[in-house]
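Asks: Contents are mmCIF, C-alpha atoms; file name run.cif:
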data_my_file
#
loop_
_atom_site.label_atom_id
_atom_site.label_comp_id
_atom_site.auth_asym_id
_atom_site.auth_seq_id
_atom_site.Cartn_x
_atom_site.Cartn_y
_atom_site.Cartn_z
CA MET A 18 -14.34 -5.73 -17.63
CA ILE A 19 -14.78 -4.84 -14.00
CA PRO A 20 -11.76 -6.18 -12.11
CA GLY A 21 -12.68 -8.95 -9.69
CA LEU A 22 -10.74 -11.27 -7.45
CA SER A 23 -9.34 -13.32 -10.32
CA HIS A 24 -7.87 -10.22 -11.99
CA TYR A 25 -5.91 -9.34 -8.88
CA LEU A 26 -4.84 -12.97 -8.44
CA ILE A 27 -3.58 -13.11 -12.03
CA VAL A 28 -1.50 -9.97 -11.47
CA SER A 29 -0.15 -11.55 -8.31
CA ALA A 30 0.67 -14.84 -10.06
CA LEU A 31 2.46 -13.05 -12.90
CA LEU A 32 4.43 -10.92 -10.45
CA PHE A 33 5.43 -14.06 -8.56
CA SER A 34 6.61 -15.65 -11.80
CA LEU A 35 8.66 -12.56 -12.60
CA GLY A 36 10.34 -12.83 -9.21
CA LEU A 37 11.08 -16.49 -9.85
CA LEU A 38 12.55 -15.57 -13.23
CA GLY A 39 14.85 -13.12 -11.49
CA VAL A 40 15.99 -15.76 -9.01
CA LEU A 41 16.66 -18.27 -11.78
CA ALA A 42 18.22 -16.04 -14.41
CA ARG A 43 20.18 -13.38 -12.53
CA ARG A 44 23.55 -14.25 -11.04
CA ASN A 45 24.09 -11.42 -8.61
CA LEU A 46 23.22 -12.13 -4.97
CA VAL A 47 21.74 -8.69 -4.34
CA VAL A 48 19.55 -8.84 -7.45
CA ILE A 49 18.41 -12.34 -6.48
CA TYR A 50 17.49 -10.92 -3.10
CA MET A 51 15.45 -8.18 -4.76
CA SER A 52 13.62 -10.81 -6.79
CA LEU A 53 12.78 -12.62 -3.55
CA GLU A 54 11.27 -9.38 -2.28
CA LEU A 55 9.22 -9.20 -5.47
CA MET A 56 7.84 -12.69 -4.79
CA LEU A 57 6.94 -11.73 -1.22
CA ASN A 58 5.14 -8.68 -2.55
CA ALA A 59 3.17 -10.83 -4.97
CA ALA A 60 1.99 -12.95 -2.04
CA ASN A 61 1.05 -9.75 -0.20
CA LEU A 62 -1.06 -8.62 -3.14
CA ALA A 63 -2.91 -11.95 -3.21
CA LEU A 64 -3.59 -11.74 0.54
CA VAL A 65 -4.87 -8.17 0.37
CA SER A 66 -7.19 -9.01 -2.53
CA PHE A 67 -8.54 -12.08 -0.68
CA SER A 68 -9.08 -9.84 2.34
CA HIS A 69 -10.94 -7.26 0.26
CA PHE A 70 -13.20 -9.66 -1.60
CA ASN A 71 -13.99 -11.80 1.48
CA LYS A 72 -14.63 -8.67 3.55
CA ASN A 73 -12.37 -9.95 6.29
CA LEU A 74 -9.57 -7.88 7.79
CA ASN A 75 -7.42 -10.84 8.90
CA GLY A 76 -5.67 -10.96 5.53
CA GLN A 77 -4.47 -7.40 5.92
CA VAL A 78 -3.09 -8.18 9.39
CA ILE A 79 -1.11 -11.08 7.91
CA VAL A 80 0.29 -8.75 5.26
CA PHE A 81 1.32 -6.36 8.01
CA PHE A 82 3.24 -9.19 9.68
CA ILE A 83 4.79 -10.27 6.38
CA ILE A 84 6.08 -6.76 5.73
CA ALA A 85 7.65 -6.60 9.19
CA VAL A 86 9.24 -10.05 8.89
CA ALA A 87 10.51 -9.20 5.41
CA ALA A 88 12.17 -6.06 6.78
CA ALA A 89 13.95 -8.13 9.45
CA GLU A 90 14.90 -10.72 6.85
CA VAL A 91 16.38 -8.09 4.53
CA ALA A 92 18.48 -6.65 7.35
CA VAL A 93 19.98 -10.03 8.28
CA GLY A 94 20.30 -11.26 4.68
CA LEU A 95 22.10 -8.17 3.47
CA ALA A 96 24.43 -8.33 6.48
CA LEU A 97 25.19 -11.92 5.48
CA ILE A 98 25.89 -10.85 1.90
CA VAL A 99 28.25 -8.11 3.11
CA ALA A 100 30.06 -10.59 5.40
CA LEU A 101 30.36 -13.05 2.51
CA PHE A 102 31.68 -10.32 0.22
CA ARG A 103 34.35 -9.43 2.77
CA LYS A 104 35.57 -13.03 2.81
CA ARG A 105 35.37 -13.76 -0.90
CA GLN A 106 35.39 -10.37 -2.68
CA THR A 107 32.47 -11.44 -4.85
CA ALA A 108 28.69 -11.42 -4.80
CA HIS A 109 28.30 -13.68 -7.79
CA VAL A 110 26.65 -17.06 -7.27
CA GLU A 111 28.90 -18.73 -9.83
CA ASP A 112 31.95 -17.87 -7.75
CA LEU A 113 30.40 -19.16 -4.55
CA VAL A 114 30.40 -22.86 -5.29
CA SER A 115 32.43 -24.39 -2.49
CA LEU A 116 30.92 -25.18 0.88
CA LYS A 117 34.09 -24.39 2.81
CA LEU A 118 34.70 -20.76 3.66
CA MET B 22 -20.25 1.63 -17.38
CA PRO B 23 -16.61 1.41 -16.33
CA GLN B 24 -15.71 3.52 -13.36
CA LEU B 25 -12.48 5.38 -12.85
CA SER B 26 -11.30 2.90 -10.20
CA ASP B 27 -11.74 -0.01 -12.62
CA LEU B 28 -9.65 1.81 -15.17
CA LEU B 29 -7.04 2.59 -12.54
CA PHE B 30 -6.74 -1.11 -11.75
CA TYR B 31 -5.57 -1.81 -15.28
CA VAL B 32 -3.17 1.15 -15.19
CA PHE B 33 -1.60 0.10 -11.88
CA ALA B 34 -1.55 -3.61 -12.74
CA GLY B 35 0.16 -2.88 -16.06
CA LEU B 36 2.68 -0.57 -14.42
CA THR B 37 3.40 -3.12 -11.68
CA LEU B 38 4.08 -5.90 -14.16
CA LEU B 39 6.08 -3.65 -16.50
CA PHE B 40 8.31 -2.32 -13.72
CA GLY B 41 8.62 -5.79 -12.23
CA PHE B 42 9.82 -7.11 -15.56
CA LEU B 43 12.29 -4.24 -15.93
CA CYS B 44 13.52 -4.97 -12.41
CA VAL B 45 14.41 -8.60 -13.00
CA ALA B 46 15.16 -8.70 -16.74
CA ASN B 47 16.00 -5.23 -17.99
CA PRO B 48 17.24 -5.70 -21.56
CA LEU B 49 19.16 -2.42 -21.53
CA SER B 50 21.02 -2.58 -18.25
CA ARG B 51 22.10 -5.27 -15.82
CA ASN B 52 23.23 -2.76 -13.25
CA PRO B 53 21.89 -3.64 -9.76
CA VAL B 54 21.10 0.03 -9.11
CA THR B 55 18.73 0.04 -12.09
CA SER B 56 17.05 -3.07 -10.71
CA ALA B 57 16.69 -1.44 -7.31
CA MET B 58 15.13 1.69 -8.81
CA PHE B 59 12.63 -0.33 -10.81
CA LEU B 60 11.82 -2.35 -7.68
CA VAL B 61 10.95 0.95 -5.97
CA LEU B 62 8.62 1.80 -8.87
CA THR B 63 7.05 -1.68 -8.71
CA ILE B 64 6.39 -1.23 -5.00
CA LEU B 65 4.90 2.23 -5.54
CA SER B 66 2.49 1.02 -8.20
CA MET B 67 1.60 -1.91 -5.96
CA ALA B 68 0.72 0.56 -3.23
CA GLY B 69 -1.71 2.00 -5.80
CA LEU B 70 -3.31 -1.44 -6.13
CA PHE B 71 -3.56 -1.61 -2.32
CA VAL B 72 -5.42 1.71 -2.32
CA LEU B 73 -7.84 0.34 -4.93
CA LEU B 74 -8.44 -2.60 -2.55
CA ASN B 75 -9.28 -0.13 0.26
CA ALA B 76 -6.14 -1.11 2.22
CA PHE B 77 -5.03 2.46 2.83
CA PHE B 78 -2.91 1.76 5.89
CA LEU B 79 -1.06 -1.07 4.14
CA ALA B 80 -0.43 1.16 1.13
CA ALA B 81 1.21 3.71 3.42
CA VAL B 82 3.22 1.01 5.22
CA GLN B 83 4.26 -0.44 1.87
CA ILE B 84 5.67 2.90 0.75
CA LEU B 85 7.27 3.72 4.11
CA VAL B 86 8.83 0.34 4.86
CA TYR B 87 9.58 -1.08 1.43
CA ALA B 88 10.21 1.93 -0.77
CA GLY B 89 11.74 3.79 2.16
CA ALA B 90 13.65 1.57 4.55
CA VAL B 91 14.25 -1.68 2.66
CA MET B 92 15.31 -0.10 -0.61
CA VAL B 93 17.67 2.33 1.14
CA LEU B 94 19.27 -0.72 2.76
CA PHE B 95 19.62 -2.37 -0.66
CA LEU B 96 21.19 0.76 -2.15
CA PHE B 97 23.62 1.05 0.75
CA VAL B 98 24.76 -2.52 0.23
CA ILE B 99 25.13 -1.99 -3.51
CA MET B 100 27.28 1.06 -2.76
CA LEU B 101 29.37 -0.90 -0.24
CA LEU B 102 30.06 -3.77 -2.61
CA ASP B 103 31.69 -3.44 -5.98
CA MET B 104 28.93 -4.34 -8.41
CA LYS B 105 30.65 -3.13 -11.58
CA GLU B 106 31.50 -6.71 -12.39
CA GLU B 107 27.87 -7.65 -12.88
CA GLU B 108 27.67 -5.78 -16.16
CA ARG B 109 30.84 -7.35 -17.56
CA ARG B 110 29.78 -10.91 -16.89
CA ARG B 111 28.07 -12.75 -19.66
CA LEU B 112 24.78 -14.42 -18.98
CA ASN B 113 24.57 -18.17 -19.24
CA LYS B 114 22.22 -18.55 -22.20
CA ALA B 115 21.13 -22.08 -21.31
CA VAL B 116 20.23 -21.10 -17.75
CA VAL B 117 18.26 -18.06 -18.91
CA GLY B 118 16.43 -20.07 -21.57
CA LEU B 119 15.52 -22.98 -19.33
CA GLY B 120 14.63 -20.63 -16.48
CA SER B 121 12.31 -18.60 -18.71
CA LEU B 122 10.68 -21.81 -19.94
CA ALA B 123 10.11 -23.05 -16.38
CA VAL B 124 8.72 -19.67 -15.33
CA LEU B 125 6.40 -19.53 -18.36
CA VAL B 126 5.04 -22.98 -17.55
CA LEU B 127 4.52 -22.02 -13.91
CA ALA B 128 2.76 -18.77 -14.87
CA GLY B 129 0.56 -20.69 -17.32
CA ILE B 130 -0.43 -23.23 -14.66
CA LEU B 131 -1.18 -20.52 -12.08
CA VAL B 132 -3.24 -18.35 -14.46
CA ARG B 133 -5.14 -21.35 -15.77
CA ALA B 134 -5.90 -22.52 -12.25
CA ILE B 135 -7.16 -19.05 -11.30
CA VAL B 136 -9.31 -18.64 -14.42
CA SER B 137 -10.82 -22.12 -14.36
CA GLY B 138 -11.41 -22.27 -10.61
CA SER B 139 -14.97 -21.94 -9.37
CA LYS B 140 -15.73 -18.41 -8.32
CA GLY B 141 -17.76 -19.12 -5.19
CA ALA B 142 -20.53 -16.92 -3.89
CA ALA B 143 -19.76 -13.27 -3.32
CA VAL B 144 -19.62 -12.40 0.36
CA GLU B 145 -22.47 -10.21 1.49
CA GLY B 146 -22.06 -7.15 3.62
CA ALA B 147 -20.68 -3.66 3.46
CA PRO B 148 -17.28 -3.27 1.82
CA LEU B 149 -14.34 -3.10 4.21
CA GLU B 150 -13.04 0.38 4.70
CA GLY B 151 -9.62 -0.89 5.77
CA SER B 152 -9.13 2.12 7.94
CA THR B 153 -6.27 2.34 10.40
CA ARG B 154 -8.77 2.26 13.27
CA ALA B 155 -10.28 -1.11 12.27
CA LEU B 156 -6.88 -2.62 11.50
CA GLY B 157 -5.39 -1.38 14.77
CA ARG B 158 -8.32 -2.76 16.73
CA ILE B 159 -7.94 -6.26 15.26
CA LEU B 160 -4.14 -6.06 15.57
CA PHE B 161 -4.18 -5.21 19.27
CA GLU B 162 -7.07 -7.47 20.21
CA SER B 163 -6.82 -10.75 18.29
CA TYR B 164 -3.17 -10.55 17.27
CA LEU B 165 -1.55 -9.03 20.33
CA LEU B 166 0.79 -11.95 21.08
CA PRO B 167 2.13 -12.28 17.49
CA PHE B 168 2.63 -8.51 17.49
CA GLU B 169 4.78 -8.68 20.61
CA ILE B 170 6.73 -11.66 19.25
CA LEU B 171 7.33 -9.62 16.12
CA SER B 172 8.98 -6.89 18.15
CA ILE B 173 11.36 -9.48 19.61
CA LEU B 174 12.07 -10.77 16.10
CA LEU B 175 12.96 -7.25 14.97
CA LEU B 176 15.29 -6.86 17.96
CA VAL B 177 16.97 -10.19 17.16
CA ALA B 178 17.37 -9.18 13.52
CA MET B 179 18.91 -5.87 14.57
CA VAL B 180 21.42 -7.51 16.91
CA GLY B 181 22.18 -10.19 14.31
CA ALA B 182 22.81 -7.64 11.56
CA ILE B 183 25.16 -5.65 13.79
CA LEU B 184 27.03 -8.78 14.84
CA LEU B 185 27.40 -9.99 11.26
CA SER B 186 28.70 -6.62 10.15
CA LYS B 187 31.50 -6.60 12.70
CA ARG B 188 34.81 -6.86 10.94
CA ASP B 189 36.47 -9.52 13.10
CA LEU B 190 33.90 -12.24 12.68
CA LYS B 191 34.85 -15.20 14.83
#
Can you turn what I pasted into structure tokens?
Replies:
Amino acid sequence: MIPGLSHYLIVSALLFSLGLLGVLARRNLVVIYMSLELMLNAANLALVSFSHFNKNLNGQVIVFFIIAVAAAEVAVGLALIVALFRKRQTAHVEDLVSLKL
Amino acid sequence: MPQLSDLLFYVFAGLTLLFGFLCVANPLSRNPVTSAMFLVLTILSMAGLFVLLNAFFLAAVQILVYAGAVMVLFLFVIMLLDMKEEERRRLNKAVVGLGSLAVLVLAGILVRAIVSGSKGAAVEGAPLEGSTRALGRILFESYLLPFEILSILLLVAMVGAILLSKRDLK
């Protein structure tokens, strides 16, 4: 079968589900963060395939912005994780249950 | 008659999903470094999909920014923190089971919606070449203001990350 829009969207949906599985099942903050990146990438794939099959470049520009924002988000998020680790000596969500630092 | 690019789609899509699965739920290792390495492979095979969609510039950016910068940041943080404990911890079976069930249901709903949705008419016109020239033109003409705001966002993120990493956090 010649791959069309729906093929790419199915790959994107499955990749998004895999990222969600990582967020739900894994207990390590850094791995959860990686799974979030996976979900962002799945959205990127959907946008690029929409852009390709609608012959409209705007989708690719949005992906460009998403990649840049994701880079900024990773920098701040990982700094937060490092700061949290310094306070608590753990990066495990099950140990981080109290609201008070 | 299937073309090479159609075949390559299946290769890259399969590799993306396989590496993505090994990234989040590797049955052999729960080491965060393994996850990070498989995330790099996922991103690389996704760049292959971008090339198949004629988004050459985005494929390059994907490899440079994600596989290069972001993953190096992840690996640095994993090195900074002691992640040995992750492998010793036991997984909560109930959470994993219920989570997998929820994810399976979500994936089923999404795939079913995509397959059963109406296709719509194919858009006429020449295929996009996705060249850097066309993308740069649209980026600096229609999206100039968001682009400039993005540079401020990156500056704020940089300052924020430095501030958060200072040892004496007030």
Asks: Within 8 Å of chain B, which residues of chain A show up? Give each one with its shortest atom-to-atom distance in Å (one decimal) and the two atoms involved, counting all atoms listed in the file, rows by chain then rising residue number, as CSV.
Replies:
residue,atom,partner,partner_atom,distance
A:Met18,CA,B:Pro23,CA,7.6
A:Ile19,CA,B:Asp27,CA,5.9
A:Pro20,CA,B:Asp27,CA,6.2
A:Ser23,CA,B:Ile135,CA,6.2
A:Leu26,CA,B:Ile135,CA,7.1
A:Ile27,CA,B:Val132,CA,5.8
A:Val28,CA,B:Ala34,CA,6.5
A:Ala30,CA,B:Leu131,CA,6.3
A:Leu31,CA,B:Ala128,CA,6.1
A:Leu32,CA,B:Leu38,CA,6.3
A:Ser34,CA,B:Val124,CA,5.8
A:Leu35,CA,B:Phe42,CA,6.3
A:Gly36,CA,B:Val45,CA,7.0
A:Leu37,CA,B:Val124,CA,6.8
A:Leu38,CA,B:Val124,CA,6.0
A:Gly39,CA,B:Val45,CA,4.8
A:Leu41,CA,B:Gly120,CA,5.6
A:Ala42,CA,B:Val117,CA,4.9
A:Arg43,CA,B:Val45,CA,7.5
A:Asn45,CA,B:Glu107,CA,6.8
A:Val47,CA,B:Pro53,CA,7.4
A:Val48,CA,B:Pro53,CA,6.2
A:Met51,CA,B:Ala57,CA,7.3
A:Ser52,CA,B:Val45,CA,6.6
A:Leu55,CA,B:Gly41,CA,7.6
A:Asn58,CA,B:Ile64,CA,7.9
A:Leu62,CA,B:Phe71,CA,7.5
A:Val65,CA,B:Phe71,CA,7.2
A:Ser66,CA,B:Leu74,CA,6.5
A:His69,CA,B:Leu74,CA,6.0
A:Phe70,CA,B:Val144,CA,7.3
A:Asn71,CA,B:Val144,CA,5.8
A:Lys72,CA,B:Leu149,CA,5.6
A:Asn73,CA,B:Leu149,CA,7.4
A:Leu74,CA,B:Leu156,CA,7.0
A:Asn75,CA,B:Ile159,CA,7.9
A:Gln77,CA,B:Leu79,CA,7.4
A:Val78,CA,B:Leu160,CA,6.6
A:Val80,CA,B:Leu79,CA,7.9
A:Phe81,CA,B:Leu79,CA,7.0
A:Phe82,CA,B:Leu171,CA,7.6
A:Ile84,CA,B:Gln83,CA,7.6
A:Ala85,CA,B:Leu171,CA,7.6
A:Val86,CA,B:Leu171,CA,7.5
A:Ala88,CA,B:Val91,CA,6.4
A:Ala89,CA,B:Ala178,CA,5.4
A:Glu90,CA,B:Ala178,CA,7.3
A:Val91,CA,B:Val91,CA,7.0
A:Ala92,CA,B:Ala182,CA,6.1
A:Val93,CA,B:Ala182,CA,4.9
A:Leu95,CA,B:Val98,CA,7.0
A:Ala96,CA,B:Ala182,CA,5.4
A:Leu97,CA,B:Leu185,CA,6.5
A:Val99,CA,B:Val98,CA,7.2
A:Ala100,CA,B:Ser186,CA,6.3
A:Phe102,CA,B:Leu102,CA,7.3
A:Ala108,CA,B:Met104,CA,8.0
A:His109,CA,B:Glu107,CA,7.9
Asks: For those residues, write C-alpha atoms to a file as an mmCIF file, keeping the file's coordinate frame.
Replies:
data_model
loop_
_atom_site.group_PDB
_atom_site.id
_atom_site.type_symbol
_atom_site.label_atom_id
_atom_site.label_comp_id
_atom_site.auth_asym_id
_atom_site.auth_seq_id
_atom_site.Cartn_x
_atom_site.Cartn_y
_atom_site.Cartn_z
ATOM 1 C CA MET A 18 -14.340 -5.730 -17.630
ATOM 2 C CA ILE A 19 -14.780 -4.840 -14.000
ATOM 3 C CA PRO A 20 -11.760 -6.180 -12.110
ATOM 4 C CA SER A 23 -9.340 -13.320 -10.320
ATOM 5 C CA LEU A 26 -4.840 -12.970 -8.440
ATOM 6 C CA ILE A 27 -3.580 -13.110 -12.030
ATOM 7 C CA VAL A 28 -1.500 -9.970 -11.470
ATOM 8 C CA ALA A 30 0.670 -14.840 -10.060
ATOM 9 C CA LEU A 31 2.460 -13.050 -12.900
ATOM 10 C CA LEU A 32 4.430 -10.920 -10.450
ATOM 11 C CA SER A 34 6.610 -15.650 -11.800
ATOM 12 C CA LEU A 35 8.660 -12.560 -12.600
ATOM 13 C CA GLY A 36 10.340 -12.830 -9.210
ATOM 14 C CA LEU A 37 11.080 -16.490 -9.850
ATOM 15 C CA LEU A 38 12.550 -15.570 -13.230
ATOM 16 C CA GLY A 39 14.850 -13.120 -11.490
ATOM 17 C CA LEU A 41 16.660 -18.270 -11.780
ATOM 18 C CA ALA A 42 18.220 -16.040 -14.410
ATOM 19 C CA ARG A 43 20.180 -13.380 -12.530
ATOM 20 C CA ASN A 45 24.090 -11.420 -8.610
ATOM 21 C CA VAL A 47 21.740 -8.690 -4.340
ATOM 22 C CA VAL A 48 19.550 -8.840 -7.450
ATOM 23 C CA MET A 51 15.450 -8.180 -4.760
ATOM 24 C CA SER A 52 13.620 -10.810 -6.790
ATOM 25 C CA LEU A 55 9.220 -9.200 -5.470
ATOM 26 C CA ASN A 58 5.140 -8.680 -2.550
ATOM 27 C CA LEU A 62 -1.060 -8.620 -3.140
ATOM 28 C CA VAL A 65 -4.870 -8.170 0.370
ATOM 29 C CA SER A 66 -7.190 -9.010 -2.530
ATOM 30 C CA HIS A 69 -10.940 -7.260 0.260
ATOM 31 C CA PHE A 70 -13.200 -9.660 -1.600
ATOM 32 C CA ASN A 71 -13.990 -11.800 1.480
ATOM 33 C CA LYS A 72 -14.630 -8.670 3.550
ATOM 34 C CA ASN A 73 -12.370 -9.950 6.290
ATOM 35 C CA LEU A 74 -9.570 -7.880 7.790
ATOM 36 C CA ASN A 75 -7.420 -10.840 8.900
ATOM 37 C CA GLN A 77 -4.470 -7.400 5.920
ATOM 38 C CA VAL A 78 -3.090 -8.180 9.390
ATOM 39 C CA VAL A 80 0.290 -8.750 5.260
ATOM 40 C CA PHE A 81 1.320 -6.360 8.010
ATOM 41 C CA PHE A 82 3.240 -9.190 9.680
ATOM 42 C CA ILE A 84 6.080 -6.760 5.730
ATOM 43 C CA ALA A 85 7.650 -6.600 9.190
ATOM 44 C CA VAL A 86 9.240 -10.050 8.890
ATOM 45 C CA ALA A 88 12.170 -6.060 6.780
ATOM 46 C CA ALA A 89 13.950 -8.130 9.450
ATOM 47 C CA GLU A 90 14.900 -10.720 6.850
ATOM 48 C CA VAL A 91 16.380 -8.090 4.530
ATOM 49 C CA ALA A 92 18.480 -6.650 7.350
ATOM 50 C CA VAL A 93 19.980 -10.030 8.280
ATOM 51 C CA LEU A 95 22.100 -8.170 3.470
ATOM 52 C CA ALA A 96 24.430 -8.330 6.480
ATOM 53 C CA LEU A 97 25.190 -11.920 5.480
ATOM 54 C CA VAL A 99 28.250 -8.110 3.110
ATOM 55 C CA ALA A 100 30.060 -10.590 5.400
ATOM 56 C CA PHE A 102 31.680 -10.320 0.220
ATOM 57 C CA ALA A 108 28.690 -11.420 -4.800
ATOM 58 C CA HIS A 109 28.300 -13.680 -7.790
#
Asks: One decimal, in Å: what's the spacing between CA of Val110 in chain A and CA of Ala59 in chain A?
Replies: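 Separation of CA of Val110 in chain A and CA of Ala59 in chain A: 24.4 Å.
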Asks: Could you work out how far CA of Glu162 in chain B lies from CA of Met56 in chain A, giving the answer in Å with one decimal?
Replies: 29.6 Å
Asks: Quote the spacing between CA of Ile79 in chain A and CA of Val61 in chain B in Å to one decimal place.
Replies: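 Pair CA of Ile79 in chain A / CA of Val61 in chain B returns 22.0 Å.
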